[in-house]
$ cat coords_37.cif   # mmCIF, C-alpha atoms
data_model
loop_
_atom_site.label_atom_id
_atom_site.label_comp_id
_atom_site.auth_asym_id
_atom_site.auth_seq_id
_atom_site.Cartn_x
_atom_site.Cartn_y
_atom_site.Cartn_z
CA MET A 2 34.79 47.88 42.34
CA LYS A 3 36.41 44.47 42.74
CA GLY A 4 34.59 41.36 43.92
CA PHE A 5 31.03 40.14 44.32
CA LYS A 6 30.64 41.09 47.99
CA PRO A 7 31.57 44.76 47.40
CA PHE A 8 29.09 44.74 44.50
CA LEU A 9 26.30 43.45 46.76
CA LYS A 10 27.20 46.01 49.41
CA ALA A 11 27.05 48.79 46.83
CA LEU A 12 23.47 47.87 45.91
CA ALA A 13 22.38 49.94 48.90
CA GLY A 14 23.38 53.06 47.00
CA ASN A 15 21.34 52.26 43.90
CA ALA A 16 18.29 54.21 45.08
CA ALA A 17 20.41 57.36 45.24
CA VAL A 18 21.97 56.60 41.86
CA LEU A 19 18.55 56.19 40.25
CA THR A 20 17.17 59.32 41.91
CA ASN A 21 20.08 61.63 41.20
CA ARG A 22 21.37 60.48 37.83
CA THR A 23 21.75 63.32 35.36
CA ASP A 24 23.19 61.23 32.52
CA GLN A 25 21.09 58.17 31.75
CA ARG A 26 23.89 56.78 29.59
CA GLY A 27 25.91 56.14 32.75
CA THR A 28 23.38 53.68 34.14
CA VAL A 29 22.54 50.23 32.77
CA LEU A 30 19.43 48.50 34.12
CA VAL A 31 19.56 44.70 33.97
CA LEU A 32 15.93 43.58 33.89
CA GLY A 33 14.80 40.01 34.54
CA ASN A 34 11.50 38.64 33.26
CA GLU A 35 8.12 39.28 34.87
CA SER A 36 7.84 35.83 36.46
CA ALA A 37 10.78 36.84 38.72
CA ASP A 38 11.64 33.21 39.35
CA MET A 39 14.99 31.97 40.65
CA ASP A 40 16.66 31.88 37.24
CA SER A 41 15.50 35.39 36.38
CA VAL A 42 16.51 36.93 39.72
CA VAL A 43 19.92 35.23 39.80
CA SER A 44 20.63 36.05 36.14
CA SER A 45 19.75 39.71 36.70
CA ILE A 46 22.04 40.12 39.71
CA SER A 47 24.90 38.07 38.24
CA LEU A 48 24.87 39.73 34.81
CA ALA A 49 24.74 43.19 36.40
CA TYR A 50 27.83 42.25 38.41
CA LEU A 51 29.71 41.12 35.31
CA LEU A 52 28.68 44.21 33.33
CA GLN A 53 29.73 46.44 36.23
CA ALA A 54 33.21 44.92 36.02
CA THR A 55 33.56 46.30 32.47
CA LEU A 56 32.17 49.80 33.13
CA PRO A 57 34.01 52.97 34.19
CA GLN A 58 33.85 53.70 37.93
CA THR A 59 31.35 56.51 37.33
CA HIS A 60 28.90 54.15 35.61
CA TRP A 61 26.49 51.69 37.21
CA ALA A 62 24.92 48.38 36.26
CA ILE A 63 21.83 47.88 38.42
CA PRO A 64 19.88 44.59 38.64
CA VAL A 65 16.11 45.11 38.58
CA ILE A 66 13.81 42.40 39.93
CA ASN A 67 10.79 42.45 37.61
CA THR A 68 8.07 42.14 40.24
CA ASN A 69 6.72 44.39 42.96
CA ARG A 70 8.73 44.47 46.17
CA ALA A 71 5.83 43.14 48.26
CA ASP A 72 5.44 40.11 45.99
CA MET A 73 8.91 38.74 46.73
CA SER A 74 7.36 36.94 49.70
CA LEU A 75 5.62 34.65 47.19
CA ARG A 76 9.05 33.27 46.20
CA PRO A 77 10.60 31.55 49.24
CA ASP A 78 13.26 29.85 47.10
CA CYS A 79 14.51 33.22 45.83
CA GLN A 80 14.38 34.73 49.30
CA ALA A 81 16.37 31.86 50.80
CA ALA A 82 18.97 32.02 48.03
CA LEU A 83 19.49 35.76 48.51
CA GLN A 84 19.45 35.57 52.31
CA SER A 85 22.15 32.88 52.12
CA ILE A 86 24.58 35.41 50.60
CA MET A 87 23.50 38.71 52.15
CA PRO A 88 21.95 39.82 55.48
CA ALA A 89 18.15 39.94 55.52
CA ALA A 90 18.25 43.73 55.91
CA SER A 91 20.35 43.98 52.75
CA LEU A 92 17.50 42.54 50.69
CA ASP A 93 15.91 45.97 51.04
CA SER A 94 18.73 47.34 48.90
CA LEU A 95 17.59 45.38 45.86
CA THR A 96 15.74 47.33 43.18
CA PHE A 97 12.26 46.12 42.20
CA ILE A 98 10.15 47.15 39.22
CA ASP A 99 7.85 49.30 41.38
CA ASP A 100 10.84 51.27 42.67
CA LEU A 101 11.45 53.13 39.40
CA VAL A 102 10.28 54.02 35.93
CA PRO A 103 12.77 52.13 33.74
CA ASP A 104 14.56 54.32 31.22
CA GLY A 105 18.03 54.85 29.81
CA ARG A 106 20.01 51.77 28.79
CA ILE A 107 18.43 48.36 29.42
CA TRP A 108 19.69 44.79 29.20
CA LEU A 109 17.08 42.03 29.20
CA VAL A 110 17.96 38.77 30.89
CA ASP A 111 15.89 35.56 30.85
CA HIS A 112 13.61 37.06 28.18
CA ASN A 113 14.29 38.53 24.76
CA ALA A 114 11.43 41.03 24.45
CA PRO A 115 9.78 43.26 27.05
CA ALA A 116 6.59 41.94 28.58
CA ALA A 117 3.34 43.12 26.98
CA ARG A 118 2.85 45.64 29.77
CA GLN A 119 6.40 46.96 29.32
CA SER A 120 6.48 47.21 25.52
CA GLU A 121 7.49 50.88 25.72
CA LEU A 122 10.94 49.71 26.87
CA GLU A 123 11.76 48.04 23.55
CA PRO A 124 13.63 51.00 22.00
CA LEU A 125 15.83 51.20 25.13
CA VAL A 126 17.10 47.61 24.96
CA GLU A 127 20.78 47.44 24.08
CA GLY A 128 21.57 43.93 25.29
CA ILE A 129 19.87 40.53 25.62
CA VAL A 130 20.96 37.29 27.30
CA ASP A 131 18.20 34.69 27.11
CA HIS A 132 17.32 31.03 26.58
CA HIS A 133 13.73 31.22 25.28
CA VAL A 134 12.41 31.03 21.72
CA ASP A 135 13.38 34.21 19.86
CA GLU A 136 10.34 36.51 19.57
CA GLY A 137 12.02 38.47 16.77
CA ARG A 138 11.94 41.79 18.60
CA CYS A 139 14.58 44.21 19.91
CA LEU A 140 16.53 43.60 16.71
CA GLY A 141 18.51 46.80 17.23
CA ALA A 142 20.14 45.56 20.43
CA LYS A 143 23.93 45.71 20.25
CA TRP A 144 24.29 42.37 22.06
CA ARG A 145 21.71 39.71 21.28
CA GLN A 146 22.51 36.31 22.80
CA ILE A 147 19.55 33.94 22.57
CA GLU A 148 20.57 30.31 22.96
CA MET A 149 18.37 27.36 23.91
CA VAL A 150 20.02 26.01 27.02
CA GLY A 151 18.17 24.75 30.09
CA SER A 152 18.86 27.77 32.29
CA CYS A 153 19.66 31.39 31.53
CA SER A 154 22.07 31.25 34.46
CA THR A 155 24.15 28.87 32.34
CA LEU A 156 24.70 31.65 29.79
CA VAL A 157 25.68 34.06 32.57
CA ALA A 158 28.00 31.44 34.10
CA GLU A 159 29.71 31.02 30.72
CA ARG A 160 30.31 34.78 30.62
CA LEU A 161 31.72 34.60 34.15
CA PHE A 162 33.99 31.73 33.08
CA ARG A 163 35.36 33.79 30.17
CA GLN A 164 35.85 37.00 32.17
CA ALA A 165 37.43 35.16 35.10
CA GLN A 166 40.24 33.90 32.88
CA SER A 167 41.78 37.37 32.96
CA ARG A 168 39.99 38.57 36.12
CA PRO A 169 40.11 35.70 38.67
CA ASP A 170 38.94 38.15 41.36
CA LEU A 171 35.48 38.05 39.74
CA MET A 172 34.89 34.49 40.96
CA ASP A 173 33.18 34.19 44.34
CA ALA A 174 31.83 31.21 46.28
CA ASP A 175 28.45 32.91 46.93
CA LEU A 176 28.06 33.84 43.28
CA ALA A 177 28.87 30.25 42.28
CA LYS A 178 26.20 29.02 44.70
CA LEU A 179 23.56 31.36 43.27
CA LEU A 180 24.26 30.39 39.67
CA LEU A 181 24.51 26.68 40.45
CA GLY A 182 21.23 26.71 42.39
CA ALA A 183 19.40 28.42 39.53
CA ILE A 184 20.81 25.98 36.96
CA LEU A 185 19.86 22.94 39.05
CA LEU A 186 16.35 24.25 39.74
CA ASP A 187 15.69 25.07 36.07
CA THR A 188 16.93 21.68 34.84
CA SER A 189 15.44 19.40 37.53
CA ASN A 190 18.91 18.74 38.94
CA LEU A 191 20.27 18.04 35.44
CA ASP A 192 18.05 14.95 35.27
CA PRO A 193 18.23 13.48 31.72
CA ALA A 194 14.67 12.18 32.10
CA ALA A 195 13.37 15.75 32.40
CA GLN A 196 14.94 16.62 29.01
CA ARG A 197 15.69 20.17 30.14
CA ALA A 198 19.46 20.19 30.64
CA THR A 199 21.89 20.57 27.75
CA SER A 200 25.57 19.65 27.74
CA ARG A 201 26.35 23.32 28.40
CA ASP A 202 24.21 23.31 31.58
CA VAL A 203 26.03 20.21 32.77
CA GLU A 204 29.42 21.73 31.94
CA MET A 205 28.73 24.94 33.86
CA ALA A 206 27.25 23.06 36.83
CA ASN A 207 30.39 20.90 36.97
CA TRP A 208 32.58 24.02 36.86
CA LEU A 209 30.60 25.90 39.53
CA THR A 210 30.22 23.02 42.02
CA PRO A 211 33.81 23.01 43.36
CA GLN A 212 33.72 26.82 43.57
CA VAL A 213 30.98 26.70 46.24
CA SER A 214 31.90 26.71 49.94
CA TRP A 215 30.03 23.60 51.04
CA ILE A 216 29.69 22.83 54.74
CA ALA A 217 30.33 19.63 56.67
CA ALA A 218 27.52 17.09 56.44
CA GLY A 219 26.79 17.26 60.17
CA SER A 220 26.07 21.01 60.01
CA ILE A 221 23.40 20.94 57.31
CA ALA A 222 20.66 23.60 57.60
CA PRO A 223 18.57 23.25 54.40
CA GLU A 224 16.24 26.18 55.16
CA SER A 225 19.22 28.56 55.00
CA LEU A 226 20.78 26.60 52.10
CA ASN A 227 23.78 25.67 54.25
CA VAL A 228 24.26 22.28 52.65
CA SER A 229 27.09 19.89 51.88
CA ASN A 230 26.66 19.21 48.15
CA SER A 231 24.77 20.15 44.98
CA ARG A 232 22.14 17.46 45.41
CA GLU A 233 21.17 18.83 48.83
CA LEU A 234 21.14 22.36 47.40
CA TYR A 235 18.68 21.30 44.70
CA LYS A 236 16.45 19.44 47.17
CA ALA A 237 16.30 22.45 49.51
CA LEU A 238 15.46 24.90 46.71
CA ASP A 239 12.93 22.58 45.11
CA LYS A 240 11.16 22.09 48.44
CA LEU A 241 11.00 25.84 49.02
CA LYS A 242 9.74 26.49 45.48
CA GLY A 243 6.95 23.96 46.00
CA ARG A 244 5.77 25.56 49.24
CA VAL A 245 2.57 27.02 47.81
CA SER A 246 -0.36 25.17 49.38
CA HIS A 247 -1.01 28.09 51.76
CA LEU A 248 -1.39 30.61 48.92
CA SER A 249 -4.79 31.85 47.75
CA ALA A 250 -5.89 31.00 44.22
CA ARG A 251 -5.06 34.54 43.07
CA ASP A 252 -1.58 34.32 44.59
CA LEU A 253 -1.02 30.97 42.89
CA LEU A 254 -1.96 32.51 39.55
CA ARG A 255 0.28 35.56 39.93
CA LYS A 256 3.31 33.98 41.62
CA ASP A 257 4.99 32.78 38.40
CA TYR A 258 3.13 34.57 35.62
CA LYS A 259 3.93 35.92 32.17
CA GLN A 260 1.75 37.81 29.70
CA TRP A 261 2.01 38.50 25.97
CA ALA A 262 0.11 40.28 23.22
CA VAL A 263 -0.34 38.15 20.09
CA GLY A 264 -2.18 40.31 17.58
CA LYS A 265 -5.48 41.21 19.23
CA TRP A 266 -5.12 38.40 21.77
CA ASN A 267 -3.79 39.02 25.28
CA VAL A 268 -2.46 35.73 26.61
CA GLY A 269 -1.35 34.99 30.17
CA ILE A 270 0.34 31.81 31.39
CA SER A 271 0.65 30.93 35.07
CA SER A 272 3.04 28.19 36.18
CA ILE A 273 2.16 26.61 39.53
CA SER A 274 4.22 24.07 41.48
CA TYR A 275 1.05 22.39 42.72
CA ARG A 276 -0.70 19.40 41.20
CA LEU A 277 -4.23 19.94 39.94
CA ALA A 278 -5.78 17.10 41.94
CA LYS A 279 -4.53 18.66 45.17
CA TRP A 280 -5.77 22.08 44.13
CA ILE A 281 -9.23 20.72 43.27
CA LYS A 282 -9.34 18.87 46.60
CA ARG A 283 -8.52 22.12 48.41
CA ASP A 284 -10.69 24.63 46.52
CA GLY A 285 -13.08 22.65 44.32
CA ARG A 286 -13.42 22.80 40.54
CA GLU A 287 -16.00 25.58 40.48
CA GLU A 288 -13.95 27.86 42.71
CA ILE A 289 -10.85 27.30 40.55
CA GLU A 290 -12.82 28.18 37.41
CA ASN A 291 -14.18 31.32 39.09
CA SER A 292 -10.69 32.34 40.24
CA VAL A 293 -9.26 31.95 36.74
CA MET A 294 -12.13 33.94 35.24
CA ALA A 295 -11.55 36.70 37.81
CA TRP A 296 -7.84 36.68 36.85
CA ILE A 297 -8.79 37.01 33.18
CA GLU A 298 -10.87 40.08 34.00
CA GLU A 299 -8.17 41.59 36.25
CA GLN A 300 -5.42 41.14 33.64
CA GLN A 301 -7.71 41.93 30.66
CA LEU A 302 -6.91 38.64 28.93
CA GLN A 303 -8.62 36.79 26.10
CA VAL A 304 -6.85 33.52 26.95
CA ALA A 305 -5.46 32.31 30.27
CA MET A 306 -3.43 29.12 30.57
CA VAL A 307 -2.56 27.57 33.92
CA MET A 308 0.23 25.01 34.06
CA THR A 309 0.22 22.86 37.20
CA HIS A 310 3.14 20.53 37.83
CA GLY A 311 5.06 18.64 40.49
CA LYS A 312 5.65 15.23 42.00
CA VAL A 313 3.02 13.03 43.64
CA LYS A 314 3.40 9.61 45.19
CA GLN A 315 2.11 6.80 42.98
CA HIS A 316 2.64 3.11 43.66
CA GLY A 317 5.05 3.89 46.47
CA GLU A 318 7.29 6.37 44.63
CA LYS A 319 7.10 10.01 43.60
CA THR A 320 6.55 10.72 39.92
CA TYR A 321 6.52 14.04 38.07
CA GLY A 322 3.51 15.16 36.08
CA ARG A 323 1.77 18.14 34.50
CA GLU A 324 -1.73 19.43 33.87
CA LEU A 325 -2.98 22.36 31.79
CA LEU A 326 -6.05 24.56 32.18
CA VAL A 327 -7.19 26.69 29.25
CA SER A 328 -9.69 29.48 29.95
CA PHE A 329 -11.33 32.10 27.74
CA ALA A 330 -12.78 35.53 28.37
CA PRO A 331 -16.57 35.90 27.94
CA ALA A 332 -16.03 37.85 24.69
CA VAL A 333 -14.40 34.82 22.97
CA ASP A 334 -17.17 32.96 21.19
CA LEU A 335 -17.65 29.20 21.14
CA GLY A 336 -16.30 28.80 17.61
CA TRP A 337 -12.93 30.30 18.43
CA ARG A 338 -12.79 28.37 21.71
CA ARG A 339 -13.37 25.10 19.86
CA PHE A 340 -10.73 25.89 17.25
CA ILE A 341 -8.05 26.88 19.79
CA VAL A 342 -8.69 23.90 22.06
CA ASP A 343 -8.74 21.50 19.09
CA GLU A 344 -5.39 22.85 17.87
CA LEU A 345 -3.87 22.53 21.34
CA VAL A 346 -5.08 18.94 21.59
CA LYS A 347 -3.49 18.16 18.21
CA SER A 348 -0.12 19.52 19.35
CA ASP A 349 2.54 16.87 19.79
CA THR A 350 4.45 19.40 21.90
CA LEU A 351 1.83 19.04 24.64
CA GLN A 352 0.11 15.67 24.09
CA LEU A 353 -3.04 16.66 25.96
CA ALA A 354 -5.72 14.32 27.26
CA PRO A 355 -8.92 15.18 29.19
CA PHE A 356 -8.38 15.52 32.93
CA PHE A 357 -12.01 14.69 33.57
CA ASP A 358 -13.99 12.14 31.52
CA GLU A 359 -14.34 14.56 28.62
CA VAL A 360 -13.61 18.16 27.64
CA ASP A 361 -16.66 20.39 28.17
CA LEU A 362 -16.36 23.09 25.51
CA GLN A 363 -19.54 24.75 26.75
CA SER A 364 -17.52 25.68 29.82
CA ARG A 365 -15.03 28.51 29.44
CA THR A 366 -12.34 26.45 31.19
CA SER A 367 -10.99 23.14 29.89
CA PHE A 368 -8.90 20.81 32.06
CA PHE A 369 -6.19 18.57 30.61
CA VAL A 370 -3.48 16.14 31.58
CA GLN A 371 -0.28 17.14 29.78
CA ASN A 372 1.46 13.90 28.84
CA ARG A 373 4.50 15.65 27.32
CA LYS A 374 5.93 16.33 30.76
CA GLU A 375 9.14 17.96 29.56
CA SER A 376 7.24 20.79 27.85
CA SER A 377 7.38 23.84 30.11
CA ARG A 378 6.14 27.37 29.42
CA LYS A 379 9.11 27.73 27.03
CA GLN A 380 7.27 25.29 24.75
CA VAL A 381 3.64 26.10 25.64
CA PHE A 382 3.80 29.77 24.70
CA PRO A 383 5.20 29.21 21.17
CA THR A 384 2.44 26.63 20.67
CA ILE A 385 -0.43 28.94 21.59
CA LYS A 386 1.30 31.83 19.81
CA SER A 387 1.37 29.97 16.49
CA ILE A 388 -2.32 29.09 16.86
CA LEU A 389 -3.35 32.67 17.57
CA GLU A 390 -1.14 34.04 14.78
CA ALA A 391 -2.94 31.74 12.35
CA ILE A 392 -6.26 33.24 13.50
CA SER A 393 -4.96 36.82 13.30
#
$ encode --input "coords_37.cif" --output "structure tokens"
Amino acid sequence: MKGFKPFLKALAGNAAVLTNRTDQRGTVLVLGNESADMDSVVSSISLAYLLQATLPQTHWAIPVINTNRADMSLRPDCQAALQSIMPAASLDSLTFIDDLVPDGRIWLVDHNAPAARQSELEPLVEGIVDHHVDEGRCLGAKWRQIEMVGSCSTLVAERLFRQAQSRPDLMDADLAKLLLGAILLDTSNLDPAAQRATSRDVEMANWLTPQVSWIAAGSIAPESLNVSNSRELYKALDKLKGRVSHLSARDLLRKDYKQWAVGKWNVGISSISYRLAKWIKRDGREEIENSVMAWIEEQQLQVAMVMTHGKVKQHGEKTYGRELLVSFAPAVDLGWRRFIVDELVKSDTLQLAPFFDEVDLQSRTSFFVQNRKESSRKQVFPTIKSILEAIS
């Protein structure tokens, strides 16, 4: 199979491949992380394409979107990116986590250990391409690439760059657009102030940009990502990603969510492109607290963290900021709550300050301003993990 478009077209046959396979060794599942954000979705599809190029014709590399099919509607940025390269009907040909029971050979992309609810997959992992802190698992994987760049799509783009040296037919304008969009979205358009982009992200973005088929400025249609340059591509994707104000509190919490087991502690972290002040104005503090507590019960968590972030207009210009909510299950006693919150407040990685006048530890939910704005979930999880490991 030569070329990205034939690969996308062949996705329609994946259901039959998964249903009828008699030799699991002939199928490689490329599984993104459970947040199923733009970087994860794009990395899964792109890496599967590059792996497919190295496999015998009787073998298949199948991208798996690690969320339920119905929940893709919560991700308008991902939908727009995919619809810009394939007909809307073709989106049905993608494989989602609820379409199969993963088995056989698995590559993880945009995470380096299966999610807590997918821990049974660990012995099946033979490859990893990721940019998060190494969790020290899946040590038997034959390929283990874990490098701290801004976007996992950068690592996939580097692989494309290497393979395209001898296989120029692998390069495709739509593929370049997908990878570039994911890199820009994950690094805040390579903004140095965000402290998320590395030199490797910049290098790959510079390489991909001229590979994209941009349109004339007068024909711009941002909703369909038909734009004239990388800046407009970022703006369109960022706007779509931030379109969340219509979502219920539960949908906000589950849209971009990851969960881990740290000893006896189940920890979930939701990332929401919605500033806390707006959310409180819409739903009220009490309703937010109740929604988070209901989420804790639904997901059987001991600790839930909710990261809100985005730009708001201050003094005539938009500025980026973050907040953090920390909530505990009823079974977590006051002593442990105090210790965990105190340790989080001490963390220079977060630089927390009370969102309200003071932190009410009698409440099971604490609200903070996060002054270390560049710290995303990639930094928050290792922080809470080290605290809980000390307890365990």
$ residues_around --input "coords_37.cif" --residues "A:Leu140" --least-positions-apart "3" --cutoff "12 Å" --atoms "only C-alpha atoms" --output "list in words"
Asn113, Ala114, Glu123, Pro124, Leu125, Val126, Glu127, Gly128, Ile129, Asp135, Glu136, Gly137, Lys143, Trp144, Arg145, Gln146 and Ile147 of chain A
$ residues_around --input "coords_37.cif" --residues "A:Pro115" --least-positions-apart "6" --cutoff "9 Å" --atoms "all atoms listed in the file" --output "PDB file with C-alpha atoms, keeping the file's coordinate frame"
ATOM      1  CA  ASN A  34      11.500  38.640  33.260  1.00  0.00           C
ATOM      2  CA  GLU A  35       8.120  39.280  34.870  1.00  0.00           C
ATOM      3  CA  LEU A 109      17.080  42.030  29.200  1.00  0.00           C
ATOM      4  CA  GLU A 121       7.490  50.880  25.720  1.00  0.00           C
ATOM      5  CA  LEU A 122      10.940  49.710  26.870  1.00  0.00           C
ATOM      6  CA  GLU A 123      11.760  48.040  23.550  1.00  0.00           C
ATOM      7  CA  VAL A 126      17.100  47.610  24.960  1.00  0.00           C
ATOM      8  CA  ARG A 138      11.940  41.790  18.600  1.00  0.00           C
ATOM      9  CA  CYS A 139      14.580  44.210  19.910  1.00  0.00           C
TER      10      CYS A 139
END
$ resolve_selection --input "coords_37.cif" --expression "the PyMOL selection byres ((chain A and resi 349) around 12)" --output "number ranges by chain"
A: 344-348, 350-354, 371-376, 380-381, 384
$ atom_distance --input "coords_37.cif" --atom1 "atom CA of A:Leu234" --atom2 "atom CA of A:Gly182"
6.6 Å
$ atom_distance --input "coords_37.cif" --atom1 "atom CA of A:Gln212" --atom2 "atom CA of A:His112"
27.3 Å
$ resolve_selection --input "coords_37.cif" --expression "the PyMOL selection byres ((chain A and resi 152) around 9)" --output "PyMOL selection string"
chain A and resi 40+111+131-132+149-151+153-156+183-188+197-198+202
$ resolve_selection --input "coords_37.cif" --expression "the PyMOL selection byres ((chain A and resi 322-332) around 8)" --output "MDAnalysis selection string"
chainID A and resid 276:277 293:294 297:298 302:313 320:321 333:334 338 342 356 365:372 374
$ residues_around --input "coords_37.cif" --residues "A:Val42" --least-positions-apart "2" --cutoff "12 Å" --atoms "all atoms listed in the file" --output "PyMOL selection string"
chain A and resi 31-40+44-49+64-68+73+76+78-80+82-83+95-97+109-112+153-154+157+179-180+182-183
$ residues_around --input "coords_37.cif" --residues "A:Ala177" --least-positions-apart "2" --cutoff "10 Å" --atoms "all atoms listed in the file" --output "PyMOL selection string"
chain A and resi 47+158+161+172-175+179-182+205-206+208-214
$ closest_residue --input "coords_37.cif" --among "A:Leu191, A:Gln53, A:Trp266, A:Asp104" --to "A:Gln164" --atoms "only C-alpha atoms"
A:Gln53
$ closest_atom_pairs --input "coords_37.cif" --of "stretch 89-129 of chain A" --to "stretch 12-21 of chain A" --cutoff "12 Å" --atoms "all atoms listed in the file" --output "JSON lines"
{"residue": "A:Ala90", "atom": "CA", "partner": "A:Ala13", "partner_atom": "CA", "distance": 10.2}
{"residue": "A:Ser91", "atom": "CA", "partner": "A:Ala13", "partner_atom": "CA", "distance": 7.4}
{"residue": "A:Leu92", "atom": "CA", "partner": "A:Ala13", "partner_atom": "CA", "distance": 9.0}
{"residue": "A:Asp93", "atom": "CA", "partner": "A:Ala13", "partner_atom": "CA", "distance": 7.9}
{"residue": "A:Ser94", "atom": "CA", "partner": "A:Ala13", "partner_atom": "CA", "distance": 4.5}
{"residue": "A:Leu95", "atom": "CA", "partner": "A:Leu12", "partner_atom": "CA", "distance": 6.4}
{"residue": "A:Thr96", "atom": "CA", "partner": "A:Asn15", "partner_atom": "CA", "distance": 7.5}
{"residue": "A:Phe97", "atom": "CA", "partner": "A:Ala16", "partner_atom": "CA", "distance": 10.5}
{"residue": "A:Asp100", "atom": "CA", "partner": "A:Ala16", "partner_atom": "CA", "distance": 8.4}
{"residue": "A:Leu101", "atom": "CA", "partner": "A:Leu19", "partner_atom": "CA", "distance": 7.8}
{"residue": "A:Val102", "atom": "CA", "partner": "A:Leu19", "partner_atom": "CA", "distance": 9.6}
{"residue": "A:Pro103", "atom": "CA", "partner": "A:Leu19", "partner_atom": "CA", "distance": 9.6}
{"residue": "A:Asp104", "atom": "CA", "partner": "A:Leu19", "partner_atom": "CA", "distance": 10.0}
{"residue": "A:Gly105", "atom": "CA", "partner": "A:Leu19", "partner_atom": "CA", "distance": 10.5}
$ atom_distance --input "coords_37.cif" --atom1 "atom CA of A:Leu52" --atom2 "atom CA of A:Lys10"
16.2 Å
$ closest_residue --input "coords_37.cif" --among "A:Ser387, A:Ser246, A:Thr199, A:Gln363" --to "A:Gly264" --atoms "only C-alpha atoms"
A:Ser387
$ closest_residue --input "coords_37.cif" --among "A:Ile385, A:Val130, A:Ala81, A:Ala62" --to "A:Leu241" --atoms "only C-alpha atoms"
A:Ala81
$ residues_around --input "coords_37.cif" --residues "A:Arg283" --least-positions-apart "5" --cutoff "12 Å" --atoms "all atoms listed in the file" --output "VMD selection string"
chain A and resid 246 to 250 275 to 278 288 to 289
$ closest_atom_pairs --input "coords_37.cif" --of "stretch 63-141 of chain A" --to "stretch 259-263 of chain A" --cutoff "8 Å" --atoms "all atoms listed in the file" --output "CSV"
residue,atom,partner,partner_atom,distance
A:Ala116,CA,A:Trp261,CA,6.3
A:Ala117,CA,A:Trp261,CA,4.9
A:Arg118,CA,A:Gln260,CA,7.9
$ build_atoms --input "coords_37.cif" --residues "stretch 144-155 of chain A" --atoms "N, CA, C and O atoms" --output "PDB file, in the frame of the given file"
ATOM      1  N   TRP A 144      23.915  43.736  21.668  1.00  0.00           N
ATOM      2  CA  TRP A 144      24.290  42.370  22.060  1.00  0.00           C
ATOM      3  C   TRP A 144      23.007  41.551  22.147  1.00  0.00           C
ATOM      4  O   TRP A 144      22.106  41.873  22.908  1.00  0.00           O
ATOM      5  N   ARG A 145      22.950  40.496  21.356  1.00  0.00           N
ATOM      6  CA  ARG A 145      21.710  39.710  21.280  1.00  0.00           C
ATOM      7  C   ARG A 145      22.087  38.237  21.355  1.00  0.00           C
ATOM      8  O   ARG A 145      22.304  37.576  20.350  1.00  0.00           O
ATOM      9  N   GLN A 146      22.143  37.707  22.571  1.00  0.00           N
ATOM     10  CA  GLN A 146      22.510  36.310  22.800  1.00  0.00           C
ATOM     11  C   GLN A 146      21.263  35.541  23.214  1.00  0.00           C
ATOM     12  O   GLN A 146      20.788  35.679  24.342  1.00  0.00           O
ATOM     13  N   ILE A 147      20.747  34.743  22.299  1.00  0.00           N
ATOM     14  CA  ILE A 147      19.550  33.940  22.570  1.00  0.00           C
ATOM     15  C   ILE A 147      19.886  32.506  22.192  1.00  0.00           C
ATOM     16  O   ILE A 147      19.973  32.161  21.009  1.00  0.00           O
ATOM     17  N   GLU A 148      20.100  31.676  23.188  1.00  0.00           N
ATOM     18  CA  GLU A 148      20.570  30.310  22.960  1.00  0.00           C
ATOM     19  C   GLU A 148      19.782  29.353  23.835  1.00  0.00           C
ATOM     20  O   GLU A 148      19.604  29.595  25.044  1.00  0.00           O
ATOM     21  N   MET A 149      19.319  28.257  23.260  1.00  0.00           N
ATOM     22  CA  MET A 149      18.370  27.360  23.910  1.00  0.00           C
ATOM     23  C   MET A 149      19.075  26.357  24.831  1.00  0.00           C
ATOM     24  O   MET A 149      19.186  25.171  24.532  1.00  0.00           O
ATOM     25  N   VAL A 150      19.501  26.870  25.972  1.00  0.00           N
ATOM     26  CA  VAL A 150      20.020  26.010  27.020  1.00  0.00           C
ATOM     27  C   VAL A 150      18.930  25.838  28.082  1.00  0.00           C
ATOM     28  O   VAL A 150      17.873  26.455  28.003  1.00  0.00           O
ATOM     29  N   GLY A 151      19.197  25.012  29.090  1.00  0.00           N
ATOM     30  CA  GLY A 151      18.170  24.750  30.090  1.00  0.00           C
ATOM     31  C   GLY A 151      17.912  25.912  31.016  1.00  0.00           C
ATOM     32  O   GLY A 151      16.796  26.139  31.460  1.00  0.00           O
ATOM     33  N   SER A 152      18.965  26.674  31.325  1.00  0.00           N
ATOM     34  CA  SER A 152      18.860  27.770  32.290  1.00  0.00           C
ATOM     35  C   SER A 152      19.583  28.995  31.758  1.00  0.00           C
ATOM     36  O   SER A 152      20.700  28.886  31.232  1.00  0.00           O
ATOM     37  N   CYS A 153      18.979  30.155  31.925  1.00  0.00           N
ATOM     38  CA  CYS A 153      19.660  31.390  31.530  1.00  0.00           C
ATOM     39  C   CYS A 153      20.911  31.601  32.373  1.00  0.00           C
ATOM     40  O   CYS A 153      21.894  32.177  31.910  1.00  0.00           O
ATOM     41  N   SER A 154      20.893  31.112  33.602  1.00  0.00           N
ATOM     42  CA  SER A 154      22.070  31.250  34.460  1.00  0.00           C
ATOM     43  C   SER A 154      23.273  30.524  33.878  1.00  0.00           C
ATOM     44  O   SER A 154      24.417  30.878  34.190  1.00  0.00           O
ATOM     45  N   THR A 155      23.043  29.531  33.032  1.00  0.00           N
ATOM     46  CA  THR A 155      24.150  28.870  32.340  1.00  0.00           C
ATOM     47  C   THR A 155      24.864  29.851  31.424  1.00  0.00           C
ATOM     48  O   THR A 155      26.099  29.882  31.361  1.00  0.00           O
TER      49      THR A 155
END
